[in-house]
file upload.cif (mmCIF, C-alpha atoms)
data_coords
loop_
_atom_site.group_PDB
_atom_site.id
_atom_site.type_symbol
_atom_site.label_atom_id
_atom_site.label_comp_id
_atom_site.auth_asym_id
_atom_site.auth_seq_id
_atom_site.Cartn_x
_atom_site.Cartn_y
_atom_site.Cartn_z
ATOM 1 C CA MET A 987 49.883 108.894 74.048
ATOM 2 C CA HIS A 988 49.771 107.413 77.515
ATOM 3 C CA LEU A 989 53.157 108.863 78.478
ATOM 4 C CA SER A 990 52.377 112.295 77.110
ATOM 5 C CA SER A 991 49.066 112.423 78.956
ATOM 6 C CA ASP A 992 50.809 111.452 82.200
ATOM 7 C CA GLN A 993 53.383 114.216 81.968
ATOM 8 C CA PRO A 994 50.931 117.136 82.328
ATOM 9 C CA SER A 995 49.259 115.281 85.197
ATOM 10 C CA ALA A 996 52.607 114.790 86.945
ATOM 11 C CA ARG A 997 53.518 118.431 86.424
ATOM 12 C CA SER A 998 50.155 119.490 87.799
ATOM 13 C CA ALA A 999 50.585 117.276 90.875
ATOM 14 C CA TYR A 1000 54.082 118.655 91.432
ATOM 15 C CA ALA A 1001 52.817 122.217 91.089
ATOM 16 C CA SER A 1002 50.063 121.537 93.634
ATOM 17 C CA VAL A 1003 52.481 120.020 96.142
ATOM 18 C CA ARG A 1004 54.930 122.887 95.614
ATOM 19 C CA SER A 1005 52.151 125.450 96.069
ATOM 20 C CA CYS A 1006 50.990 123.858 99.331
ATOM 21 C CA THR A 1007 54.561 123.563 100.600
ATOM 22 C CA ASP A 1008 55.233 127.230 99.814
ATOM 23 C CA ALA A 1009 52.054 128.243 101.635
ATOM 24 C CA VAL A 1010 53.000 126.321 104.794
ATOM 25 C CA LEU A 1011 56.625 127.456 104.837
ATOM 26 C CA TYR A 1012 56.315 131.066 103.739
ATOM 27 C CA SER A 1013 53.311 131.775 105.953
ATOM 28 C CA SER A 1014 55.490 130.685 108.886
ATOM 29 C CA GLY A 1015 53.476 127.547 109.538
ATOM 30 C CA LEU A 1016 56.577 125.430 110.140
ATOM 31 C CA VAL A 1017 58.144 128.142 112.328
ATOM 32 C CA ALA A 1018 55.018 128.255 114.514
ATOM 33 C CA ALA A 1019 55.001 124.455 114.725
ATOM 34 C CA ALA A 1020 58.672 124.536 115.734
ATOM 35 C CA ALA A 1021 57.968 127.001 118.554
ATOM 36 C CA MET A 1022 55.179 124.786 119.812
ATOM 37 C CA ALA A 1023 57.359 121.669 119.470
ATOM 38 C CA LEU A 1024 60.273 123.137 121.439
ATOM 39 C CA THR A 1025 57.866 124.260 124.181
ATOM 40 C CA TRP A 1026 56.443 120.734 124.263
ATOM 41 C CA ALA A 1027 59.992 119.357 124.521
ATOM 42 C CA THR A 1028 60.532 121.348 127.717
ATOM 43 C CA PHE A 1029 57.315 119.987 129.207
ATOM 44 C CA LEU A 1030 58.492 116.470 128.345
ATOM 45 C CA PHE A 1031 61.662 117.003 130.370
ATOM 46 C CA TRP A 1032 59.367 117.094 133.389
ATOM 47 C CA HIS A 1033 57.369 114.146 131.973
ATOM 48 C CA VAL A 1034 54.311 116.262 131.219
ATOM 49 C CA HIS A 1035 52.629 116.742 127.845
ATOM 50 C CA ILE A 1036 51.923 120.303 126.783
ATOM 51 C CA PRO A 1037 48.300 121.357 127.410
ATOM 52 C CA LEU A 1038 46.458 121.686 124.104
ATOM 53 C CA HIS A 1039 45.281 125.249 124.747
ATOM 54 C CA LEU A 1040 48.809 126.397 125.640
ATOM 55 C CA ALA A 1041 50.177 124.733 122.515
ATOM 56 C CA ALA A 1042 47.554 126.592 120.468
ATOM 57 C CA MET A 1043 48.474 129.896 122.142
ATOM 58 C CA ILE A 1044 52.198 129.453 121.403
ATOM 59 C CA PHE A 1045 51.446 128.432 117.814
ATOM 60 C CA SER A 1046 49.064 131.351 117.227
ATOM 61 C CA ALA A 1047 51.288 133.973 118.851
ATOM 62 C CA THR A 1048 54.268 132.861 116.757
ATOM 63 C CA LEU A 1049 52.155 132.861 113.610
ATOM 64 C CA PHE A 1050 51.011 136.413 114.393
ATOM 65 C CA LEU A 1051 54.471 137.852 115.057
ATOM 66 C CA TYR A 1052 56.180 136.281 112.049
ATOM 67 C CA ASN A 1053 53.419 137.135 109.595
ATOM 68 C CA LEU A 1054 53.143 140.674 110.906
ATOM 69 C CA ASP A 1055 56.880 141.058 110.356
ATOM 70 C CA SER A 1056 56.628 139.613 106.842
ATOM 71 C CA VAL A 1057 54.104 142.220 105.620
ATOM 72 C CA LEU A 1058 56.092 145.279 106.704
ATOM 73 C CA PRO A 1059 56.714 147.558 103.669
ATOM 74 C CA TYR A 1060 60.492 147.801 104.121
ATOM 75 C CA LYS A 1061 60.776 144.058 103.552
ATOM 76 C CA TYR A 1062 60.213 144.597 99.832
ATOM 77 C CA THR A 1063 62.177 147.791 99.247
ATOM 78 C CA GLU A 1064 65.465 146.983 100.979
ATOM 79 C CA GLN A 1065 66.898 144.907 98.120
ATOM 80 C CA GLN A 1066 66.678 145.099 94.358
ATOM 81 C CA VAL A 1067 66.323 141.367 93.726
ATOM 82 C CA LEU A 1068 63.700 139.562 95.747
ATOM 83 C CA SER A 1069 64.017 135.856 96.551
ATOM 84 C CA THR A 1070 61.321 133.335 95.720
ATOM 85 C CA ARG A 1071 60.222 133.485 99.354
ATOM 86 C CA LYS A 1072 59.989 137.279 99.328
ATOM 87 C CA LEU A 1073 58.085 137.278 96.041
ATOM 88 C CA TRP A 1074 55.584 134.755 97.442
ATOM 89 C CA MET A 1075 55.078 136.965 100.504
ATOM 90 C CA LEU A 1076 54.674 140.044 98.327
ATOM 91 C CA HIS A 1077 51.988 138.352 96.245
ATOM 92 C CA HIS A 1078 50.142 137.143 99.358
ATOM 93 C CA ARG A 1079 50.477 140.166 101.641
ATOM 94 C CA ARG A 1080 46.724 140.512 102.200
ATOM 95 C CA GLN A 1081 46.367 136.860 103.135
ATOM 96 C CA LEU A 1082 49.364 137.049 105.458
ATOM 97 C CA LEU A 1083 47.971 140.141 107.166
ATOM 98 C CA LEU A 1084 44.602 138.433 107.615
ATOM 99 C CA LEU A 1085 46.323 135.340 109.001
ATOM 100 C CA ALA A 1086 48.297 137.527 111.415
ATOM 101 C CA LEU A 1087 45.138 139.225 112.687
ATOM 102 C CA LEU A 1088 43.268 135.930 113.087
ATOM 103 C CA SER A 1089 46.240 134.447 114.928
ATOM 104 C CA LEU A 1090 46.381 137.460 117.230
ATOM 105 C CA GLY A 1091 42.702 136.994 118.059
ATOM 106 C CA VAL A 1092 43.151 133.310 118.874
ATOM 107 C CA ALA A 1093 46.261 133.954 120.986
ATOM 108 C CA GLY A 1094 44.500 136.779 122.841
ATOM 109 C CA VAL A 1095 41.443 134.675 123.681
ATOM 110 C CA LEU A 1096 43.623 131.806 124.925
ATOM 111 C CA PHE A 1097 45.778 134.219 126.938
ATOM 112 C CA LEU A 1098 42.732 135.553 128.789
ATOM 113 C CA ARG A 1099 41.107 132.124 129.077
ATOM 114 C CA ASP A 1100 44.082 130.585 130.866
ATOM 115 C CA GLY A 1101 44.519 133.459 133.293
ATOM 116 C CA TRP A 1102 47.966 134.582 132.167
ATOM 117 C CA THR A 1103 47.168 138.219 132.997
ATOM 118 C CA HIS A 1104 49.318 138.081 136.145
ATOM 119 C CA LEU A 1105 52.296 137.464 133.824
ATOM 120 C CA THR A 1106 51.489 140.373 131.531
ATOM 121 C CA GLY A 1107 54.755 142.100 132.438
ATOM 122 C CA PHE A 1108 56.890 139.054 131.727
ATOM 123 C CA LEU A 1109 55.142 138.096 128.500
ATOM 124 C CA GLY A 1110 54.766 141.761 127.577
ATOM 125 C CA HIS A 1111 58.509 142.345 127.422
ATOM 126 C CA LEU A 1112 58.880 139.355 125.105
ATOM 127 C CA ALA A 1113 56.091 140.699 122.908
ATOM 128 C CA ALA A 1114 57.712 144.157 122.915
ATOM 129 C CA ILE A 1115 61.065 142.753 121.804
ATOM 130 C CA SER A 1116 59.347 140.751 119.065
ATOM 131 C CA LEU A 1117 57.336 143.735 117.807
ATOM 132 C CA PHE A 1118 60.185 146.251 118.005
ATOM 133 C CA TYR A 1119 62.552 143.758 116.403
ATOM 134 C CA SER A 1120 61.618 145.297 113.053
ATOM 135 C CA LEU A 1121 59.567 148.375 113.944
ATOM 136 C CA PRO A 1122 61.574 151.642 114.226
ATOM 137 C CA VAL A 1123 62.471 152.366 117.860
ATOM 138 C CA VAL A 1124 66.228 153.017 117.723
ATOM 139 C CA LYS A 1125 67.811 156.003 115.983
ATOM 140 C CA ARG A 1126 70.992 155.178 114.094
ATOM 141 C CA GLN A 1127 72.792 157.483 111.687
ATOM 142 C CA GLY A 1128 69.831 159.830 111.573
ATOM 143 C CA GLN A 1129 67.308 157.070 110.802
ATOM 144 C CA TRP A 1130 64.865 155.217 113.004
ATOM 145 C CA ARG A 1131 65.561 151.499 112.855
ATOM 146 C CA GLY A 1132 64.337 148.303 114.498
ATOM 147 C CA LEU A 1133 66.196 146.498 117.269
ATOM 148 C CA ARG A 1134 67.482 144.044 114.662
ATOM 149 C CA ASP A 1135 69.654 146.820 113.229
ATOM 150 C CA VAL A 1136 71.629 147.340 116.443
ATOM 151 C CA PRO A 1137 75.050 145.789 115.656
ATOM 152 C CA LEU A 1138 75.238 142.073 116.573
ATOM 153 C CA LEU A 1139 71.951 142.204 118.484
ATOM 154 C CA LYS A 1140 69.761 140.445 115.914
ATOM 155 C CA ALA A 1141 70.764 136.829 116.637
ATOM 156 C CA PHE A 1142 70.842 137.362 120.415
ATOM 157 C CA LEU A 1143 67.311 138.786 120.410
ATOM 158 C CA ILE A 1144 65.989 135.782 118.508
ATOM 159 C CA ALA A 1145 67.794 133.331 120.803
ATOM 160 C CA TYR A 1146 66.558 135.101 123.938
ATOM 161 C CA VAL A 1147 62.892 135.331 122.958
ATOM 162 C CA TRP A 1148 62.714 131.763 121.664
ATOM 163 C CA SER A 1149 64.447 130.412 124.767
ATOM 164 C CA ALA A 1150 62.263 132.458 127.115
ATOM 165 C CA VAL A 1151 59.061 131.252 125.443
ATOM 166 C CA THR A 1152 60.030 127.603 125.035
ATOM 167 C CA VAL A 1153 61.704 127.149 128.448
ATOM 168 C CA TRP A 1154 60.444 129.763 130.889
ATOM 169 C CA VAL A 1155 56.777 129.558 129.864
ATOM 170 C CA PRO A 1156 56.592 125.805 130.584
ATOM 171 C CA ALA A 1157 58.452 126.365 133.861
ATOM 172 C CA LEU A 1158 55.993 129.050 134.926
ATOM 173 C CA TYR A 1159 53.030 126.907 133.895
ATOM 174 C CA LEU A 1160 54.332 124.040 136.041
ATOM 175 C CA SER A 1161 55.225 126.400 138.944
ATOM 176 C CA LYS A 1162 58.954 125.774 138.568
ATOM 177 C CA PRO A 1163 61.221 128.605 139.805
ATOM 178 C CA VAL A 1164 62.548 130.363 136.704
ATOM 179 C CA GLY A 1165 65.820 131.101 138.485
ATOM 180 C CA SER A 1166 66.416 127.512 139.599
ATOM 181 C CA ALA A 1167 69.547 125.746 138.392
ATOM 182 C CA VAL A 1168 67.764 123.200 136.222
ATOM 183 C CA VAL A 1169 65.584 125.811 134.492
ATOM 184 C CA MET A 1170 68.548 128.080 133.816
ATOM 185 C CA LEU A 1171 70.485 125.103 132.486
ATOM 186 C CA LEU A 1172 67.678 124.253 130.073
ATOM 187 C CA PHE A 1173 67.465 127.927 129.111
ATOM 188 C CA ALA A 1174 71.201 128.117 128.349
ATOM 189 C CA ARG A 1175 71.086 124.926 126.280
ATOM 190 C CA ARG A 1176 68.140 126.207 124.273
ATOM 191 C CA PHE A 1177 69.675 129.693 123.920
ATOM 192 C CA PHE A 1178 72.892 128.473 122.288
ATOM 193 C CA PHE A 1179 70.986 126.018 120.091
ATOM 194 C CA ILE A 1180 68.739 128.782 118.750
ATOM 195 C CA LEU A 1181 71.697 131.184 118.457
ATOM 196 C CA ALA A 1182 73.398 128.779 116.050
ATOM 197 C CA ILE A 1183 70.240 128.530 113.937
ATOM 198 C CA ALA A 1184 69.866 132.324 113.953
ATOM 199 C CA VAL A 1185 73.374 132.646 112.503
ATOM 200 C CA VAL A 1186 72.332 130.292 109.688
ATOM 201 C CA PHE A 1187 69.526 132.678 108.770
ATOM 202 C CA ASP A 1188 71.935 135.611 108.993
ATOM 203 C CA ILE A 1189 74.063 133.841 106.392
ATOM 204 C CA ARG A 1190 70.982 133.580 104.180
ATOM 205 C CA ASP A 1191 70.375 137.319 104.581
ATOM 206 C CA TYR A 1192 74.035 138.318 104.206
ATOM 207 C CA THR A 1193 73.704 140.594 101.145
ATOM 208 C CA LYS A 1194 70.389 142.058 102.269
ATOM 209 C CA ASP A 1195 71.735 142.876 105.729
ATOM 210 C CA ARG A 1196 74.980 144.291 104.339
ATOM 211 C CA LEU A 1197 73.165 146.598 101.922
ATOM 212 C CA GLY A 1198 70.595 147.556 104.568
ATOM 213 C CA GLY A 1199 73.177 148.385 107.212
ATOM 214 C CA THR A 1200 72.288 145.548 109.599
ATOM 215 C CA ARG A 1201 75.560 144.497 111.251
ATOM 216 C CA THR A 1202 75.118 140.784 111.850
ATOM 217 C CA PHE A 1203 77.900 138.307 112.598
ATOM 218 C CA PRO A 1204 78.340 137.298 108.925
ATOM 219 C CA VAL A 1205 78.447 140.968 107.882
ATOM 220 C CA LEU A 1206 80.994 142.012 110.515
ATOM 221 C CA LEU A 1207 83.078 138.840 110.806
ATOM 222 C CA GLY A 1208 82.538 137.179 107.448
ATOM 223 C CA VAL A 1209 80.591 134.013 106.739
ATOM 224 C CA LYS A 1210 83.448 131.661 107.692
ATOM 225 C CA TRP A 1211 83.930 133.137 111.168
ATOM 226 C CA ALA A 1212 80.163 133.367 111.681
ATOM 227 C CA LYS A 1213 79.952 129.625 111.022
ATOM 228 C CA LEU A 1214 82.701 128.968 113.563
ATOM 229 C CA LEU A 1215 80.799 131.086 116.076
ATOM 230 C CA ALA A 1216 77.632 129.061 115.442
ATOM 231 C CA LEU A 1217 79.558 125.803 115.872
ATOM 232 C CA ALA A 1218 80.981 127.102 119.152
ATOM 233 C CA ALA A 1219 77.427 127.885 120.298
ATOM 234 C CA LEU A 1220 76.437 124.284 119.542
ATOM 235 C CA VAL A 1221 79.378 123.009 121.593
ATOM 236 C CA LEU A 1222 78.168 125.130 124.513
ATOM 237 C CA ALA A 1223 74.622 123.776 124.021
ATOM 238 C CA ALA A 1224 76.016 120.240 124.223
ATOM 239 C CA VAL A 1225 77.878 121.089 127.444
ATOM 240 C CA PHE A 1226 74.757 122.260 129.283
ATOM 241 C CA VAL A 1227 73.270 118.864 130.108
ATOM 242 C CA PRO A 1228 70.833 118.466 133.026
ATOM 243 C CA GLU A 1229 71.895 116.109 135.775
ATOM 244 C CA GLY A 1230 70.485 112.611 136.030
ATOM 245 C CA LEU A 1231 70.354 111.808 132.318
ATOM 246 C CA SER A 1232 71.586 108.426 131.156
ATOM 247 C CA ALA A 1233 74.245 107.988 128.491
ATOM 248 C CA VAL A 1234 71.538 106.976 126.011
ATOM 249 C CA HIS A 1235 69.587 110.160 126.753
ATOM 250 C CA ILE A 1236 72.666 112.307 126.216
ATOM 251 C CA VAL A 1237 73.533 110.626 122.908
ATOM 252 C CA VAL A 1238 70.003 110.984 121.543
ATOM 253 C CA LEU A 1239 69.776 114.631 122.620
ATOM 254 C CA THR A 1240 73.161 115.378 121.057
ATOM 255 C CA LEU A 1241 72.195 114.054 117.618
ATOM 256 C CA PRO A 1242 70.081 117.137 116.676
ATOM 257 C CA LEU A 1243 73.045 119.328 117.632
ATOM 258 C CA LEU A 1244 75.274 117.346 115.282
ATOM 259 C CA LEU A 1245 72.708 117.702 112.498
ATOM 260 C CA THR A 1246 72.576 121.427 113.182
ATOM 261 C CA ALA A 1247 76.369 121.584 112.936
ATOM 262 C CA ILE A 1248 76.175 120.008 109.461
ATOM 263 C CA LEU A 1249 73.475 122.514 108.525
ATOM 264 C CA VAL A 1250 75.703 125.376 109.706
ATOM 265 C CA TRP A 1251 78.763 124.080 107.885
ATOM 266 C CA PHE A 1252 77.009 123.854 104.520
ATOM 267 C CA ALA A 1253 74.981 127.056 104.887
ATOM 268 C CA GLU A 1254 75.556 129.474 102.013
ATOM 269 C CA GLU A 1255 73.614 132.520 100.882
ATOM 270 C CA SER A 1256 73.198 130.892 97.469
ATOM 271 C CA ARG A 1257 71.321 127.894 98.876
ATOM 272 C CA PRO A 1258 67.674 127.513 97.761
ATOM 273 C CA ASP A 1259 64.974 128.961 100.016
ATOM 274 C CA TYR A 1260 63.937 125.448 101.018
ATOM 275 C CA TYR A 1261 67.363 124.811 102.569
ATOM 276 C CA PHE A 1262 66.550 127.394 105.205
ATOM 277 C CA SER A 1263 62.754 127.144 105.317
ATOM 278 C CA ILE A 1264 62.681 123.363 105.679
ATOM 279 C CA LEU A 1265 66.035 122.291 107.112
ATOM 280 C CA ALA A 1266 66.877 125.179 109.433
ATOM 281 C CA ASP A 1267 63.347 125.441 110.837
ATOM 282 C CA GLY A 1268 62.789 121.689 110.682
ATOM 283 C CA ILE A 1269 65.832 120.975 112.843
ATOM 284 C CA MET A 1270 63.895 122.427 115.778
ATOM 285 C CA VAL A 1271 61.137 119.870 115.208
ATOM 286 C CA ILE A 1272 63.799 117.151 115.079
ATOM 287 C CA GLN A 1273 65.014 118.387 118.472
ATOM 288 C CA PHE A 1274 61.484 117.836 119.803
ATOM 289 C CA ILE A 1275 61.309 114.357 118.261
ATOM 290 C CA ALA A 1276 64.583 113.430 119.973
ATOM 291 C CA VAL A 1277 63.218 114.554 123.339
ATOM 292 C CA TYR A 1278 59.890 112.817 122.699
ATOM 293 C CA LEU A 1279 61.614 109.514 121.962
ATOM 294 C CA THR A 1280 63.982 109.894 124.908
ATOM 295 C CA PHE A 1281 61.534 110.922 127.627
#

call {"tool": "encode", "arguments": {"input": "upload.cif", "output": "structure tokens"}}
result
Amino acid sequence: MHLSSDQPSARSAYASVRSCTDAVLYSSGLVAAAAMALTWATFLFWHVHIPLHLAAMIFSATLFLYNLDSVLPYKYTEQQVLSTRKLWMLHHRRQLLLLALLSLGVAGVLFLRDGWTHLTGFLGHLAAISLFYSLPVVKRQGQWRGLRDVPLLKAFLIAYVWSAVTVWVPALYLSKPVGSAVVMLLFARRFFFILAIAVVFDIRDYTKDRLGGTRTFPVLLGVKWAKLLALAALVLAAVFVPEGLSAVHIVVLTLPLLLTAILVWFAEESRPDYYFSILADGIMVIQFIAVYLTF
């Protein structure tokens, strides 16, 4: 009797943990935390902690953009079989839309509060790329498509925006010249790191992108060659090392790249949603932890 009564309790506890985990992951909570963490990592390079209000703005803006993208109607009509992640988003579209709007409000207030209006042009072009990533602005084969549907552009757009936000924003906040050698070096390192992760997500979306006409690296080159491309990007990320770092610093900062390489190598479309939602997004948080422990 004792064992049988424990089993429903254990199942209930598991279901609760799974429900909470799904909510955090599929509402882009971990993605937003990763964006904030990578931005913090750049601040730490200059031995400064990220200001709390800026961290909140980065987190909120990321939460807005990703949740807005997740509620677009085409997301649920472009494939016949929806993944667990897509089904969760479909069942929670109202909540995701509300979360997106609340996040936009928070990000907007913080943007005005911190006096970022003089950088409206710079931040505006990043926002435009993020919004038009999925919204129809490019005409291809008689149909209006998002920027993501331009052949091979999808991964580069993601890498550029993430690198610009997580490297250039801290540089601007600390009055560092964006075009200086050290800032551009950090940007290049971050760009190739994110590019490799973007290819992992393209592998996840291989069938969806192929059926939808989105020409990503896995679709055009095949999954094997896309993996090799991602590994090459990680090698380039490892090459771009700022001057003045000790051997210990370099080793610690290289470890997340090695973990990412393992993630790339074992990436398959058939992997569970958690493989991508936890590991691929979580590797960016691990990158922050490495920097935090090193600096």

call {"tool": "resolve_selection", "arguments": {"input": "upload.cif", "expression": "the PyMOL selection byres ((chain A and resi 1188) around 10)", "output": "ChimeraX atom specification"}}
result
/A:1140-1141,1182-1187,1189-1195,1200-1205,1209,1212,1253-1255

call {"tool": "closest_residue", "arguments": {"input": "upload.cif", "among": "A:Thr1070, A:Leu1082, A:Thr1025, A:Ala1041", "to": "Val1057 in chain A", "atoms": "all atoms listed in the file"}}
result
A:Leu1082

call {"tool": "closest_atom_pairs", "arguments": {"input": "upload.cif", "of": "range 1058-1177 of chain A", "to": "range 1228-1243 of chain A", "cutoff": "9 Å", "atoms": "all atoms listed in the file", "output": "tab-separated table"}}
result
residue	atom	partner	partner_atom	distance
A:Val1168	CA	A:Pro1228	CA	6.5
A:Leu1171	CA	A:Pro1228	CA	6.7
A:Leu1172	CA	A:Pro1228	CA	7.2

call {"tool": "residues_around", "arguments": {"input": "upload.cif", "residues": "Phe1226 in chain A", "least_positions_apart": "3", "cutoff": "7 Å", "atoms": "only C-alpha atoms", "output": "PyMOL selection string"}}
result
chain A and resi 1171+1174-1175+1222-1223

call {"tool": "resolve_selection", "arguments": {"input": "upload.cif", "expression": "the PyMOL selection byres ((chain A and resi 1260) around 10)", "output": "mmCIF file with C-alpha atoms, keeping the file's coordinate frame"}}
result
data_model
loop_
_atom_site.group_PDB
_atom_site.id
_atom_site.type_symbol
_atom_site.label_atom_id
_atom_site.label_comp_id
_atom_site.auth_asym_id
_atom_site.auth_seq_id
_atom_site.Cartn_x
_atom_site.Cartn_y
_atom_site.Cartn_z
ATOM 1 C CA THR A 1007 54.561 123.563 100.600
ATOM 2 C CA ASP A 1008 55.233 127.230 99.814
ATOM 3 C CA LEU A 1011 56.625 127.456 104.837
ATOM 4 C CA TYR A 1012 56.315 131.066 103.739
ATOM 5 C CA THR A 1070 61.321 133.335 95.720
ATOM 6 C CA ARG A 1071 60.222 133.485 99.354
ATOM 7 C CA ARG A 1257 71.321 127.894 98.876
ATOM 8 C CA PRO A 1258 67.674 127.513 97.761
ATOM 9 C CA ASP A 1259 64.974 128.961 100.016
ATOM 10 C CA TYR A 1261 67.363 124.811 102.569
ATOM 11 C CA PHE A 1262 66.550 127.394 105.205
ATOM 12 C CA SER A 1263 62.754 127.144 105.317
ATOM 13 C CA ILE A 1264 62.681 123.363 105.679
ATOM 14 C CA LEU A 1265 66.035 122.291 107.112
ATOM 15 C CA ALA A 1266 66.877 125.179 109.433
ATOM 16 C CA ASP A 1267 63.347 125.441 110.837
#

call {"tool": "atom_distance", "arguments": {"input": "upload.cif", "atom1": "CA of Thr1280 in chain A", "atom2": "CA of Leu1244 in chain A"}}
result
16.6 Å

call {"tool": "resolve_selection", "arguments": {"input": "upload.cif", "expression": "the PyMOL selection byres ((chain A and resi 1273) around 8)", "output": "list in words"}}
result
Leu1024, Ala1027, Leu1239, Pro1242, Ile1269, Met1270, Val1271, Ile1272, Phe1274, Ile1275, Ala1276 and Val1277 of chain A

call {"tool": "atom_distance", "arguments": {"input": "upload.cif", "atom1": "CA of Gly1094 in chain A", "atom2": "CA of Thr1106 in chain A"}}
result
11.7 Å

call {"tool": "axis_aligned_box", "arguments": {"input": "upload.cif", "around": "range 1185-1197 of chain A", "padding_each_side": "3 Å", "output": "JSON"}}
result
{"center_x": 72.3, "center_y": 138.4, "center_z": 106.8, "size_x": 11.5, "size_y": 22.3, "size_z": 17.4}

call {"tool": "closest_residue", "arguments": {"input": "upload.cif", "among": "A:Trp1130, A:Tyr1278, A:Trp1074, A:Trp1148", "to": "Ala1009 in chain A", "atoms": "all atoms listed in the file"}}
result
A:Trp1074

call {"tool": "atom_distance", "arguments": {"input": "upload.cif", "atom1": "CA of Pro1163 in chain A", "atom2": "CA of Leu1220 in chain A"}}
result
25.7 Å

call {"tool": "closest_residue", "arguments": {"input": "upload.cif", "among": "A:Val1123, A:Val1092, A:Met1075, A:Leu1160", "to": "Pro1037 in chain A", "atoms": "only C-alpha atoms"}}
result
A:Leu1160

call {"tool": "closest_residue", "arguments": {"input": "upload.cif", "among": "A:Phe1031, A:Tyr1146, A:Trp1211, A:Trp1154", "to": "Leu1181 in chain A", "atoms": "all atoms listed in the file"}}
result
A:Tyr1146

call {"tool": "closest_residue", "arguments": {"input": "upload.cif", "among": "A:Leu1112, A:Gly1015, A:Val1227, A:Ser1089", "to": "Ser1046 in chain A", "atoms": "only C-alpha atoms"}}
result
A:Ser1089

call {"tool": "decode", "arguments": {"input": "upload.cif", "residues": "range 1228-1239 of chain A", "atoms": "N, CA, C and O atoms", "output": "PDB file, in the first residue's frame"}}
result
ATOM      1  N   PRO A1228      41.624  37.532 -27.178  1.00  0.00           N
ATOM      2  CA  PRO A1228      42.178  38.857 -26.834  1.00  0.00           C
ATOM      3  C   PRO A1228      43.581  38.745 -26.253  1.00  0.00           C
ATOM      4  O   PRO A1228      43.916  37.753 -25.601  1.00  0.00           O
ATOM      5  N   GLU A1229      44.373  39.737 -26.488  1.00  0.00           N
ATOM      6  CA  GLU A1229      45.743  39.748 -25.972  1.00  0.00           C
ATOM      7  C   GLU A1229      45.749  39.903 -24.452  1.00  0.00           C
ATOM      8  O   GLU A1229      44.830  40.445 -23.857  1.00  0.00           O
ATOM      9  N   GLY A1230      46.816  39.402 -23.842  1.00  0.00           N
ATOM     10  CA  GLY A1230      47.011  39.594 -22.414  1.00  0.00           C
ATOM     11  C   GLY A1230      46.398  38.532 -21.531  1.00  0.00           C
ATOM     12  O   GLY A1230      46.515  38.613 -20.304  1.00  0.00           O
ATOM     13  N   LEU A1231      45.760  37.521 -22.128  1.00  0.00           N
ATOM     14  CA  LEU A1231      45.155  36.465 -21.313  1.00  0.00           C
ATOM     15  C   LEU A1231      46.204  35.409 -20.975  1.00  0.00           C
ATOM     16  O   LEU A1231      47.053  35.061 -21.796  1.00  0.00           O
ATOM     17  N   SER A1232      46.120  34.893 -19.762  1.00  0.00           N
ATOM     18  CA  SER A1232      47.042  33.844 -19.346  1.00  0.00           C
ATOM     19  C   SER A1232      46.635  32.511 -19.964  1.00  0.00           C
ATOM     20  O   SER A1232      45.537  32.370 -20.516  1.00  0.00           O
ATOM     21  N   ALA A1233      47.526  31.536 -19.853  1.00  0.00           N
ATOM     22  CA  ALA A1233      47.229  30.203 -20.385  1.00  0.00           C
ATOM     23  C   ALA A1233      46.013  29.599 -19.691  1.00  0.00           C
ATOM     24  O   ALA A1233      45.194  28.923 -20.320  1.00  0.00           O
ATOM     25  N   VAL A1234      45.890  29.845 -18.389  1.00  0.00           N
ATOM     26  CA  VAL A1234      44.733  29.332 -17.643  1.00  0.00           C
ATOM     27  C   VAL A1234      43.443  29.945 -18.167  1.00  0.00           C
ATOM     28  O   VAL A1234      42.442  29.255 -18.353  1.00  0.00           O
ATOM     29  N   HIS A1235      43.458  31.259 -18.418  1.00  0.00           N
ATOM     30  CA  HIS A1235      42.288  31.935 -18.963  1.00  0.00           C
ATOM     31  C   HIS A1235      41.872  31.314 -20.300  1.00  0.00           C
ATOM     32  O   HIS A1235      40.701  31.042 -20.541  1.00  0.00           O
ATOM     33  N   ILE A1236      42.857  31.093 -21.161  1.00  0.00           N
ATOM     34  CA  ILE A1236      42.565  30.572 -22.491  1.00  0.00           C
ATOM     35  C   ILE A1236      41.970  29.164 -22.407  1.00  0.00           C
ATOM     36  O   ILE A1236      41.011  28.840 -23.111  1.00  0.00           O
ATOM     37  N   VAL A1237      42.532  28.336 -21.531  1.00  0.00           N
ATOM     38  CA  VAL A1237      42.016  26.969 -21.378  1.00  0.00           C
ATOM     39  C   VAL A1237      40.576  26.981 -20.889  1.00  0.00           C
ATOM     40  O   VAL A1237      39.702  26.285 -21.428  1.00  0.00           O
ATOM     41  N   VAL A1238      40.305  27.786 -19.865  1.00  0.00           N
ATOM     42  CA  VAL A1238      38.954  27.840 -19.300  1.00  0.00           C
ATOM     43  C   VAL A1238      37.959  28.373 -20.329  1.00  0.00           C
ATOM     44  O   VAL A1238      36.832  27.865 -20.445  1.00  0.00           O
ATOM     45  N   LEU A1239      38.349  29.379 -21.094  1.00  0.00           N
ATOM     46  CA  LEU A1239      37.452  29.953 -22.092  1.00  0.00           C
ATOM     47  C   LEU A1239      37.260  29.043 -23.296  1.00  0.00           C
ATOM     48  O   LEU A1239      36.284  29.185 -24.045  1.00  0.00           O
TER      49      LEU A1239
END
